[in-house]
>>> print(open('data-v5.txt').read())   # compact mmCIF, C-alpha atoms and all ligand atoms
# COMPACT_ATOMS: atom_id res chain seq x y z
CA MET A 883 80.00 121.80 94.55
CA ASP A 884 76.66 120.17 95.34
CA SER A 885 77.16 117.87 98.34
CA ILE A 886 75.38 115.03 96.54
CA VAL A 887 77.80 115.23 93.62
CA ALA A 888 80.74 115.30 96.04
CA ASP A 889 79.36 112.20 97.75
CA ARG A 890 79.14 110.44 94.39
CA ILE A 891 82.71 111.43 93.50
CA ARG A 892 83.95 109.94 96.78
CA GLY A 893 81.83 106.93 95.86
CA VAL A 894 83.69 106.46 92.58
CA LEU A 895 87.11 106.34 94.23
CA PHE A 896 86.14 104.27 97.24
CA GLY A 897 83.83 102.06 95.20
CA GLN A 898 86.70 101.15 92.92
CA ALA A 899 89.15 100.51 95.77
CA ILE A 900 86.68 98.39 97.75
CA GLY A 901 85.64 96.32 94.75
CA ASP A 902 89.31 95.73 94.02
CA ALA A 903 90.26 94.84 97.61
CA LEU A 904 87.30 92.50 98.14
CA GLY A 905 87.36 91.00 94.66
CA PHE A 906 90.98 89.99 95.17
CA GLY A 907 89.63 87.22 97.38
CA THR A 908 87.98 85.45 94.44
CA GLU A 909 90.36 86.38 91.64
CA PHE A 910 91.32 83.44 89.45
CA LEU A 911 88.73 81.15 91.04
CA SER A 912 85.90 79.48 89.16
CA ARG A 913 82.39 80.21 90.41
CA ALA A 914 82.31 76.71 91.87
CA ASP A 915 85.59 77.24 93.71
CA VAL A 916 84.36 80.56 95.11
CA ALA A 917 81.48 78.65 96.69
CA LYS A 918 83.93 76.09 98.11
CA HIS A 919 86.32 78.69 99.54
CA TYR A 920 83.58 80.88 100.94
CA PRO A 921 80.60 78.64 101.73
CA LEU A 922 78.83 81.50 103.50
CA GLY A 923 79.92 84.03 100.90
CA LEU A 924 82.78 86.51 100.91
CA ARG A 925 81.77 89.65 102.76
CA SER A 926 84.88 90.90 104.54
CA TYR A 927 88.56 91.41 103.82
CA ALA A 928 89.47 89.26 106.82
CA GLN A 929 87.98 86.22 105.12
CA ILE A 930 90.57 86.38 102.34
CA THR A 931 93.01 83.67 103.30
CA ARG A 932 93.96 82.31 99.87
CA PHE A 933 97.19 84.30 100.08
CA LYS A 934 99.50 84.79 103.02
CA PRO A 935 99.77 88.42 104.07
CA SER A 936 103.10 89.80 102.88
CA GLU A 937 104.87 93.08 102.46
CA GLN A 938 103.04 93.47 99.18
CA TRP A 939 99.56 92.55 100.31
CA ARG A 940 97.43 92.38 103.44
CA PRO A 941 93.66 92.01 103.78
CA GLY A 942 92.08 95.38 103.04
CA ASP A 943 94.72 96.35 100.49
CA TRP A 944 93.76 97.10 96.92
CA THR A 945 95.79 95.89 93.93
CA ASP A 946 97.12 97.10 90.58
CA ASP A 947 93.73 98.28 89.34
CA THR A 948 93.44 101.00 91.96
CA ASP A 949 97.19 101.71 92.07
CA GLN A 950 97.09 102.58 88.38
CA MET A 951 93.94 104.66 88.80
CA LEU A 952 95.87 106.59 91.45
CA CYS A 953 98.74 107.14 89.00
CA ILE A 954 96.23 108.96 86.81
CA LEU A 955 94.62 110.82 89.72
CA ASP A 956 97.92 111.93 91.20
CA SER A 957 99.04 113.16 87.82
CA LEU A 958 95.81 115.13 87.32
CA LEU A 959 96.19 116.72 90.75
CA SER A 960 99.81 117.59 90.06
CA ARG A 961 99.53 118.78 86.47
CA GLY A 962 95.99 120.16 86.48
CA THR A 963 95.30 118.44 83.15
CA LEU A 964 95.77 115.07 81.47
CA ASP A 965 99.49 114.63 80.82
CA VAL A 966 100.17 111.28 79.17
CA LEU A 967 103.93 111.29 79.70
CA ASP A 968 103.57 112.24 83.36
CA ILE A 969 101.14 109.33 83.87
CA ALA A 970 103.53 107.03 82.02
CA ALA A 971 106.37 108.01 84.36
CA ARG A 972 104.19 107.36 87.40
CA MET A 973 103.08 103.99 86.05
CA GLN A 974 106.62 102.88 85.33
CA TYR A 975 107.78 103.97 88.79
CA TRP A 976 104.89 102.02 90.32
CA LEU A 977 105.72 98.95 88.26
CA LEU A 978 109.38 99.05 89.27
CA THR A 979 108.71 99.69 92.96
CA ASP A 980 105.51 97.71 93.52
CA GLY A 981 103.62 96.37 90.52
CA PHE A 982 101.54 94.03 92.64
CA GLY A 983 98.87 92.27 90.57
CA MET A 984 99.79 93.70 87.18
CA GLY A 985 98.64 91.99 84.01
CA ARG A 986 100.74 90.79 81.10
CA THR A 987 100.01 93.66 78.73
CA VAL A 988 100.88 96.30 81.32
CA TYR A 989 104.01 94.39 82.37
CA THR A 990 105.27 94.18 78.80
CA VAL A 991 104.37 97.65 77.60
CA VAL A 992 105.32 99.66 80.69
CA ARG A 993 108.77 98.04 80.93
CA ASP A 994 109.63 98.93 77.34
CA PRO A 995 112.46 101.50 77.22
CA ARG A 996 110.42 103.71 74.88
CA PHE A 997 107.43 103.79 77.22
CA LEU A 998 108.52 107.02 78.88
CA THR A 999 108.82 108.93 75.61
CA ASP A 1000 106.18 107.38 73.33
CA PRO A 1001 103.90 105.03 75.26
CA HIS A 1002 101.18 105.06 72.61
CA ALA A 1003 103.59 103.71 70.00
CA VAL A 1004 104.76 100.96 72.35
CA ALA A 1005 101.19 99.92 73.10
CA GLN A 1006 100.26 100.03 69.42
CA ALA A 1007 103.24 97.82 68.53
CA TYR A 1008 102.30 95.33 71.26
CA TRP A 1009 98.76 95.14 69.92
CA GLU A 1010 99.94 94.73 66.31
CA ALA A 1011 102.30 91.94 67.42
CA SER A 1012 99.35 90.16 69.03
CA GLY A 1013 97.66 90.07 65.65
CA GLN A 1014 95.34 92.84 66.87
CA PHE A 1015 93.95 90.24 69.24
CA ALA A 1016 94.96 91.51 72.68
CA ALA A 1017 92.02 93.32 74.29
CA ALA A 1018 92.53 92.94 78.01
CA ASN A 1019 90.81 94.79 80.83
CA GLY A 1020 94.00 96.50 82.05
CA ALA A 1021 92.99 99.94 80.79
CA VAL A 1022 89.31 100.12 81.72
CA MET A 1023 90.23 99.12 85.27
CA ARG A 1024 92.14 102.38 85.82
CA THR A 1025 90.17 105.10 84.00
CA SER A 1026 87.16 105.59 86.30
CA VAL A 1027 88.64 108.81 87.68
CA LEU A 1028 88.49 110.29 84.17
CA GLY A 1029 84.71 110.04 84.41
CA VAL A 1030 85.00 112.52 87.28
CA TRP A 1031 87.68 114.82 85.89
CA ASP A 1032 86.26 117.15 83.22
CA TYR A 1033 82.81 115.66 83.82
CA GLN A 1034 81.24 118.86 82.57
CA ASN A 1035 82.90 118.46 79.16
CA THR A 1036 82.20 115.18 77.38
CA ASP A 1037 84.48 115.86 74.42
CA ARG A 1038 87.48 116.39 76.68
CA MET A 1039 86.44 113.42 78.81
CA LYS A 1040 86.35 111.10 75.81
CA HIS A 1041 89.71 112.42 74.64
CA ASN A 1042 91.20 111.88 78.10
CA ALA A 1043 89.82 108.36 78.37
CA GLU A 1044 91.20 107.38 74.99
CA GLN A 1045 94.62 108.91 75.70
CA ALA A 1046 94.88 107.12 79.06
CA CYS A 1047 93.69 103.84 77.57
CA ARG A 1048 96.18 103.91 74.71
CA LEU A 1049 99.08 104.22 77.17
CA THR A 1050 99.00 100.43 77.26
CA HIS A 1051 95.97 99.20 75.31
CA ALA A 1052 95.46 100.15 71.65
CA ASP A 1053 92.52 97.89 70.82
CA PRO A 1054 89.28 99.73 69.98
CA ARG A 1055 87.39 97.41 72.35
CA CYS A 1056 89.56 98.71 75.19
CA ILE A 1057 89.09 102.33 74.15
CA GLY A 1058 85.33 101.87 73.82
CA SER A 1059 85.25 100.26 77.28
CA CYS A 1060 87.06 103.18 78.90
CA ILE A 1061 84.84 105.75 77.23
CA ALA A 1062 81.63 103.90 78.15
CA VAL A 1063 82.56 103.71 81.83
CA CYS A 1064 83.68 107.35 81.97
CA LEU A 1065 80.57 108.64 80.24
CA ALA A 1066 78.36 106.51 82.49
CA ILE A 1067 80.08 107.83 85.62
CA ARG A 1068 79.46 111.35 84.35
CA GLU A 1069 75.76 110.66 83.87
CA LEU A 1070 75.59 109.10 87.35
CA LEU A 1071 77.28 112.11 88.92
CA LEU A 1072 74.64 114.26 87.27
CA GLY A 1073 71.88 112.14 88.77
CA ALA A 1074 70.87 109.53 86.17
CA LYS A 1075 68.08 107.36 87.60
CA ASP A 1076 67.10 104.89 84.88
CA MET A 1077 69.93 102.37 84.62
CA ALA A 1078 68.49 100.51 81.63
CA ALA A 1079 68.18 103.75 79.70
CA LEU A 1080 71.68 104.77 80.75
CA THR A 1081 73.13 101.45 79.61
CA ASN A 1082 71.36 101.64 76.27
CA SER A 1083 72.52 105.20 75.68
CA MET A 1084 76.11 104.20 76.44
CA LEU A 1085 75.91 101.46 73.82
CA GLU A 1086 74.80 104.02 71.25
CA LYS A 1087 77.89 106.08 72.06
CA VAL A 1088 80.44 103.27 71.79
CA LYS A 1089 79.00 100.59 69.51
CA HIS A 1090 81.02 101.86 66.56
CA TYR A 1091 84.23 100.76 68.29
CA HIS A 1092 83.60 97.07 67.65
CA PRO A 1093 80.75 94.76 66.59
CA GLU A 1094 81.00 92.81 69.87
CA MET A 1095 80.04 95.89 71.88
CA SER A 1096 76.36 95.34 71.07
CA ASP A 1097 76.48 91.71 72.16
CA TYR A 1098 78.00 92.44 75.56
CA PHE A 1099 75.67 95.36 76.24
CA ALA A 1100 72.69 93.20 75.27
CA ARG A 1101 73.72 90.66 77.90
CA THR A 1102 73.25 93.25 80.64
CA ALA A 1103 69.48 92.81 80.28
CA GLU A 1104 69.67 89.11 81.18
CA PRO A 1105 68.64 88.14 84.73
CA SER A 1106 71.90 86.37 85.63
CA LEU A 1107 75.55 87.40 85.52
CA GLU A 1108 76.34 83.90 84.25
CA VAL A 1109 75.80 85.12 80.68
CA PHE A 1110 79.23 86.77 80.88
CA ASP A 1111 81.01 83.53 81.77
CA LEU A 1112 83.35 85.58 83.96
CA ASP A 1113 85.31 82.52 85.07
CA GLU A 1114 85.89 81.33 81.52
CA GLY A 1115 89.25 79.58 81.55
CA MET A 1116 89.06 78.70 85.24
CA ASN A 1117 87.20 75.51 84.37
CA SER A 1118 88.76 72.76 82.30
CA GLY A 1119 88.23 72.62 78.57
CA LYS A 1120 87.87 76.33 77.84
CA GLY A 1121 90.28 78.96 76.68
CA ASN A 1122 91.41 81.59 79.15
CA ARG A 1123 89.46 84.74 78.41
CA ILE A 1124 88.77 85.92 81.94
CA GLY A 1125 90.63 89.18 81.37
CA TYR A 1126 88.70 90.26 78.26
CA THR A 1127 87.78 93.93 78.43
CA LEU A 1128 84.18 93.39 77.31
CA LYS A 1129 83.56 90.88 80.09
CA ALA A 1130 84.65 93.49 82.64
CA LEU A 1131 82.61 96.18 80.92
CA GLY A 1132 79.51 94.02 80.54
CA CYS A 1133 79.39 92.69 84.07
CA SER A 1134 79.84 96.20 85.46
CA PHE A 1135 76.87 97.54 83.52
CA TRP A 1136 74.93 94.42 84.53
CA ALA A 1137 75.64 95.25 88.19
CA LEU A 1138 74.49 98.80 87.62
CA ARG A 1139 71.21 97.64 86.08
CA HIS A 1140 70.36 94.89 88.52
CA SER A 1141 71.54 96.06 91.95
CA ALA A 1142 69.47 97.87 94.54
CA SER A 1143 72.57 98.86 96.52
CA PHE A 1144 76.34 99.22 96.30
CA GLU A 1145 76.77 96.14 98.44
CA GLU A 1146 74.47 93.97 96.35
CA GLY A 1147 76.27 94.83 93.12
CA ILE A 1148 79.77 94.19 94.50
CA LEU A 1149 78.80 90.87 96.05
CA ALA A 1150 77.14 89.68 92.84
CA VAL A 1151 80.25 90.38 90.77
CA ILE A 1152 82.88 88.94 93.10
CA HIS A 1153 81.01 85.67 93.57
CA GLU A 1154 81.37 84.93 89.87
CA GLY A 1155 85.13 84.52 90.27
CA GLY A 1156 87.40 85.08 87.26
CA ASP A 1157 89.18 88.44 87.19
CA ALA A 1158 87.07 89.47 90.14
CA ASP A 1159 89.19 92.31 91.52
CA THR A 1160 89.19 94.07 88.18
CA ASN A 1161 85.52 93.38 87.49
CA ALA A 1162 84.51 94.62 90.93
CA ALA A 1163 86.83 97.64 90.72
CA ILE A 1164 85.03 98.82 87.60
CA ALA A 1165 81.58 97.87 88.85
CA GLY A 1166 82.43 99.48 92.19
CA SER A 1167 83.33 102.79 90.59
CA MET A 1168 79.98 102.97 88.79
CA LEU A 1169 77.98 101.67 91.76
CA GLY A 1170 79.75 104.21 93.95
CA ALA A 1171 78.79 106.95 91.51
CA ARG A 1172 75.19 105.78 91.55
CA PHE A 1173 74.61 105.14 95.24
CA GLY A 1174 77.24 107.47 96.70
CA PHE A 1175 79.98 107.13 99.29
CA SER A 1176 77.44 107.39 102.09
CA SER A 1177 75.79 104.13 100.95
CA ILE A 1178 78.97 102.05 101.29
CA PRO A 1179 78.95 99.62 104.25
CA SER A 1180 81.12 101.11 106.99
CA GLU A 1181 83.11 97.92 107.60
CA TRP A 1182 84.28 97.98 104.00
CA LEU A 1183 85.55 101.53 104.53
CA THR A 1184 87.20 101.04 107.89
CA GLY A 1185 88.88 97.84 106.72
CA LEU A 1186 90.68 99.55 103.84
CA ILE A 1187 94.32 99.76 104.89
CA TYR A 1188 95.03 102.93 102.97
CA ARG A 1189 91.69 104.61 103.58
CA GLY A 1190 93.34 107.84 104.70
CA GLU A 1191 95.34 108.18 101.49
CA LEU A 1192 92.21 107.76 99.43
CA GLU A 1193 90.27 110.22 101.57
CA SER A 1194 92.84 112.96 101.16
CA ARG A 1195 93.00 112.42 97.42
CA ALA A 1196 89.21 112.47 97.10
CA GLU A 1197 89.05 115.80 98.91
CA ARG A 1198 91.85 117.23 96.77
CA LEU A 1199 90.02 116.07 93.64
CA ILE A 1200 86.77 117.68 94.74
CA ALA A 1201 88.62 120.90 95.59
CA ALA A 1202 90.38 120.86 92.22
CA LEU A 1203 87.07 120.49 90.40
CA ASP A 1204 85.66 123.40 92.40
CA ASN A 1205 88.70 125.58 91.75
CA PRO A 1206 90.46 124.53 88.55
CA SER A 1207 94.04 125.81 88.52
CA PRO A 1208 96.40 126.20 85.58
CA PRO A 1209 98.79 123.30 85.02
CA ASP A 1210 102.16 123.31 86.80
CA SER A 1211 104.78 125.31 85.01
CA GLY A 1212 107.13 122.43 85.56
CA GLY A 1213 109.63 124.70 87.33
MG MG B 1301 94.19 93.48 90.32
>>> encode(input="data-v5.txt", output="structure tokens")
Amino acid sequence: MDSIVADRIRGVLFGQAIGDALGFGTEFLSRADVAKHYPLGLRSYAQITRFKPSEQWRPGDWTDDTDQMLCILDSLLSRGTLDVLDIAARMQYWLLTDGFGMGRTVYTVVRDPRFLTDPHAVAQAYWEASGQFAAANGAVMRTSVLGVWDYQNTDRMKHNAEQACRLTHADPRCIGSCIAVCLAIRELLLGAKDMAALTNSMLEKVKHYHPEMSDYFARTAEPSLEVFDLDEGMNSGKGNRIGYTLKALGCSFWALRHSASFEEGILAVIHEGGDADTNAAIAGSMLGARFGFSSIPSEWLTGLIYRGELESRAERLIAALDNPSPPDSGG
């Protein structure tokens, strides 16, 4: 594999993990409270003191967003192909043994007894019961790796993204979000240079999923991230919509369009507060694909507690893409 592509693939995984780990420091804060907590800005894991370090979390640890992405990655590496039930089993095991940071949709769907045998039906039923209203960011936060896997085959990639999304999230806005991020990562791996053109072409590919897609993509052209109101619900008098999938999608494409570096994009997103770990995980995966692993500030890499685990997986992923093997026989 071309060394530049390999660097971008490492960038996807580390970009996601770093955005997640750093964004955790401003999660659930309003923009105004972010400025109060971090008057000089949040730039390092060590500054995150909102939570006491515990067995479940220490500065430099990522959260549910990256843990669930790793459920997908580990399954791909084990099975050699997308295996929905294998991912479901890994997600349920993670939820029962860790589950740190998980959202309401994931908590409800993954704990359902039928999740291990028919997760798509469980997720569909949850969505129907919400009045087809629930469209949270809990799927798009984990599917970045599917923009790497099968990146030479867009039809399979789209199929994989939809299958992995519908494990927990049936709403077309969620599916469109996952597909847009995966297709964008593919284009970035292949060397896309014009971010406005890339963003516009992604809209063309996913706008049929929901009328609101066009609105959120249009906002990426605005000069400020404030148009996404990422901390909506963290200020009095507004409904809580911080976890809406199109907010996460929109702000990530905004970061891609407006940032001259990985660092600049991550910092812009996390200082908006709201669901900052998820927003920055998604933005980080795309920024990492664009600017590459080698562009990531070294202190953000060395501060990641589980850096070694991510490194070994990244190398196994790159090797697997170089030498695709048949799926496990299952013994
Ligand atoms: Mg999280």
>>> closest_residue(input="data-v5.txt", among="A:Ile891, A:Leu955, A:Cys1064, A:Ala903", to="ligand MG 1301 (chain B)", atoms="only C-alpha atoms and all ligand atoms")
A:Ala903
>>> residues_around(input="data-v5.txt", residues="range 1033-1050 of chain A", least_positions_apart="4", cutoff="8 Å", atoms="all atoms listed in the file", output="number ranges by chain")
A: 964, 966, 970, 987-988, 991-992, 1001-1002, 1004-1006, 1020-1022, 1025, 1028-1029, 1056-1057, 1060-1061, 1064-1065, 1068
>>> residues_near_ligand(input="data-v5.txt", ligand="ligand MG 1301 (chain B)", cutoff="8 Å", atoms="all atoms listed in the file", output="NGL selection string")
:A and (902 or 906 or 944-948 or 982-985 or 1157 or 1159-1160)
>>> closest_residue(input="data-v5.txt", among="A:Thr1184, A:Thr979, A:Asn1117, A:Ser885", to="Asp915 in chain A", atoms="only C-alpha atoms")
A:Asn1117
>>> closest_atom_pairs(input="data-v5.txt", of="range 990-1042 of chain A", to="range 973-976 of chain A", cutoff="9 Å", atoms="only C-alpha atoms", output="tab-separated table")
residue	atom	partner	partner_atom	distance
A:Val992	CA	A:Gln974	CA	5.8
A:Arg993	CA	A:Gln974	CA	6.9
A:Phe997	CA	A:Gln974	CA	8.2
A:Leu998	CA	A:Gln974	CA	7.9
>>> residues_around(input="data-v5.txt", residues="range 929-940 of chain A", least_positions_apart="6", cutoff="9 Å", atoms="all atoms listed in the file", output="list in words")
Leu904, Phe906, Gly907, Thr908, His919, Tyr920, Asp980, Phe982 and Ile1187 of chain A
>>> atom_distance(input="data-v5.txt", atom1="CA of Ala971 in chain A", atom2="CA of Leu1203 in chain A")
23.8 Å
>>> closest_residue(input="data-v5.txt", among="A:Asp943, A:Glu1069, A:Glu1191, A:Asp965", to="Ala1171 in chain A", atoms="all atoms listed in the file")
A:Glu1069
>>> atom_distance(input="data-v5.txt", atom1="CA of Ile900 in chain A", atom2="CA of Val1088 in chain A")
27.1 Å
>>> atom_distance(input="data-v5.txt", atom1="CA of Leu1128 in chain A", atom2="CA of Gly942 in chain A")
27.0 Å
>>> closest_residue(input="data-v5.txt", among="A:Val1027, A:Ala1158, A:Ala1078, A:Met883", to="Glu1114 in chain A", atoms="all atoms listed in the file")
A:Ala1158
>>> closest_residue(input="data-v5.txt", among="A:Gly1170, A:Pro1105, A:Gly905, A:Gly981", to="Glu1154 in chain A", atoms="only C-alpha atoms")
A:Gly905
>>> closest_residue(input="data-v5.txt", among="A:Leu958, A:Gly893, A:Pro941, A:Phe1015", to="Phe1173 in chain A", atoms="all atoms listed in the file")
A:Gly893
>>> axis_aligned_box(input="data-v5.txt", around="range 1086-1098 of chain A", padding_each_side="4 Å", output="JSON")
{"center_x": 79.5, "center_y": 98.9, "center_z": 71.1, "size_x": 17.4, "size_y": 22.4, "size_z": 17.0}
>>> residues_around(input="data-v5.txt", residues="Ala1103 in chain A", least_positions_apart="2", cutoff="8 Å", atoms="all atoms listed in the file", output="list in words")
Ala1078, Phe1099, Ala1100, Arg1101, Pro1105, Trp1136 and Arg1139 of chain A
>>> residues_around(input="data-v5.txt", residues="Trp1009 in chain A", least_positions_apart="5", cutoff="7 Å", atoms="only C-alpha atoms", output="MDAnalysis selection string")
chainID A and resid 1014:1016 1052:1053
>>> build_atoms(input="data-v5.txt", residues="range 1005-1034 of chain A", atoms="N, CA and C atoms", output="compact mmCIF listing (two decimals), keeping the file's coordinate frame")
# COMPACT_ATOMS: atom_id res chain seq x y z
N ALA A 1005 102.43 100.68 72.94
CA ALA A 1005 101.19 99.92 73.10
C ALA A 1005 100.64 99.48 71.75
N GLN A 1006 100.74 100.37 70.76
CA GLN A 1006 100.26 100.03 69.42
C GLN A 1006 101.07 98.86 68.85
N ALA A 1007 102.37 98.89 69.04
CA ALA A 1007 103.24 97.82 68.53
C ALA A 1007 102.92 96.50 69.22
N TYR A 1008 102.65 96.55 70.51
CA TYR A 1008 102.30 95.33 71.26
C TYR A 1008 101.01 94.73 70.70
N TRP A 1009 100.06 95.60 70.44
CA TRP A 1009 98.76 95.14 69.92
C TRP A 1009 98.91 94.56 68.52
N GLU A 1010 99.71 95.25 67.68
CA GLU A 1010 99.94 94.73 66.31
C GLU A 1010 100.60 93.35 66.39
N ALA A 1011 101.57 93.22 67.30
CA ALA A 1011 102.30 91.94 67.42
C ALA A 1011 101.39 90.82 67.91
N SER A 1012 100.30 91.18 68.58
CA SER A 1012 99.35 90.16 69.03
C SER A 1012 98.38 89.78 67.92
N GLY A 1013 98.60 90.31 66.73
CA GLY A 1013 97.66 90.07 65.65
C GLY A 1013 96.38 90.86 65.84
N GLN A 1014 96.49 91.99 66.52
CA GLN A 1014 95.34 92.84 66.87
C GLN A 1014 94.31 92.05 67.67
N PHE A 1015 94.82 91.13 68.47
CA PHE A 1015 93.95 90.24 69.24
C PHE A 1015 93.83 90.68 70.70
N ALA A 1016 94.95 91.19 71.25
CA ALA A 1016 94.96 91.51 72.68
C ALA A 1016 93.96 92.61 73.00
N ALA A 1017 93.02 92.32 73.88
CA ALA A 1017 92.02 93.32 74.29
C ALA A 1017 91.69 93.08 75.75
N ALA A 1018 92.69 93.25 76.59
CA ALA A 1018 92.53 92.94 78.01
C ALA A 1018 91.91 94.12 78.77
N ASN A 1019 91.54 93.82 80.01
CA ASN A 1019 90.81 94.79 80.83
C ASN A 1019 91.73 95.76 81.58
N GLY A 1020 93.03 95.73 81.27
CA GLY A 1020 94.00 96.50 82.05
C GLY A 1020 93.91 98.01 81.89
N ALA A 1021 93.16 98.48 80.91
CA ALA A 1021 92.99 99.94 80.79
C ALA A 1021 91.69 100.38 81.45
N VAL A 1022 90.60 99.67 81.17
CA VAL A 1022 89.31 100.12 81.72
C VAL A 1022 89.30 100.03 83.24
N MET A 1023 90.18 99.25 83.80
CA MET A 1023 90.23 99.12 85.27
C MET A 1023 90.81 100.36 85.94
N ARG A 1024 91.46 101.25 85.18
CA ARG A 1024 92.14 102.38 85.82
C ARG A 1024 91.55 103.74 85.46
N THR A 1025 90.57 103.80 84.53
CA THR A 1025 90.17 105.10 84.00
C THR A 1025 88.92 105.71 84.65
N SER A 1026 88.39 105.07 85.69
CA SER A 1026 87.16 105.59 86.30
C SER A 1026 87.29 107.06 86.70
N VAL A 1027 88.46 107.43 87.20
CA VAL A 1027 88.64 108.81 87.68
C VAL A 1027 88.48 109.83 86.54
N LEU A 1028 88.67 109.37 85.31
CA LEU A 1028 88.49 110.29 84.17
C LEU A 1028 87.01 110.52 83.85
N GLY A 1029 86.14 109.74 84.48
CA GLY A 1029 84.71 110.04 84.41
C GLY A 1029 84.30 111.12 85.40
N VAL A 1030 85.23 111.44 86.30
CA VAL A 1030 85.00 112.52 87.28
C VAL A 1030 85.67 113.80 86.78
N TRP A 1031 86.92 113.67 86.40
CA TRP A 1031 87.68 114.82 85.89
C TRP A 1031 87.01 115.32 84.61
N ASP A 1032 86.88 116.61 84.44
CA ASP A 1032 86.26 117.15 83.22
C ASP A 1032 84.86 116.60 82.98
N TYR A 1033 84.13 116.27 84.06
CA TYR A 1033 82.81 115.66 83.82
C TYR A 1033 81.81 116.62 83.22
N GLN A 1034 82.14 117.90 83.20
CA GLN A 1034 81.24 118.86 82.57
C GLN A 1034 81.48 118.97 81.07
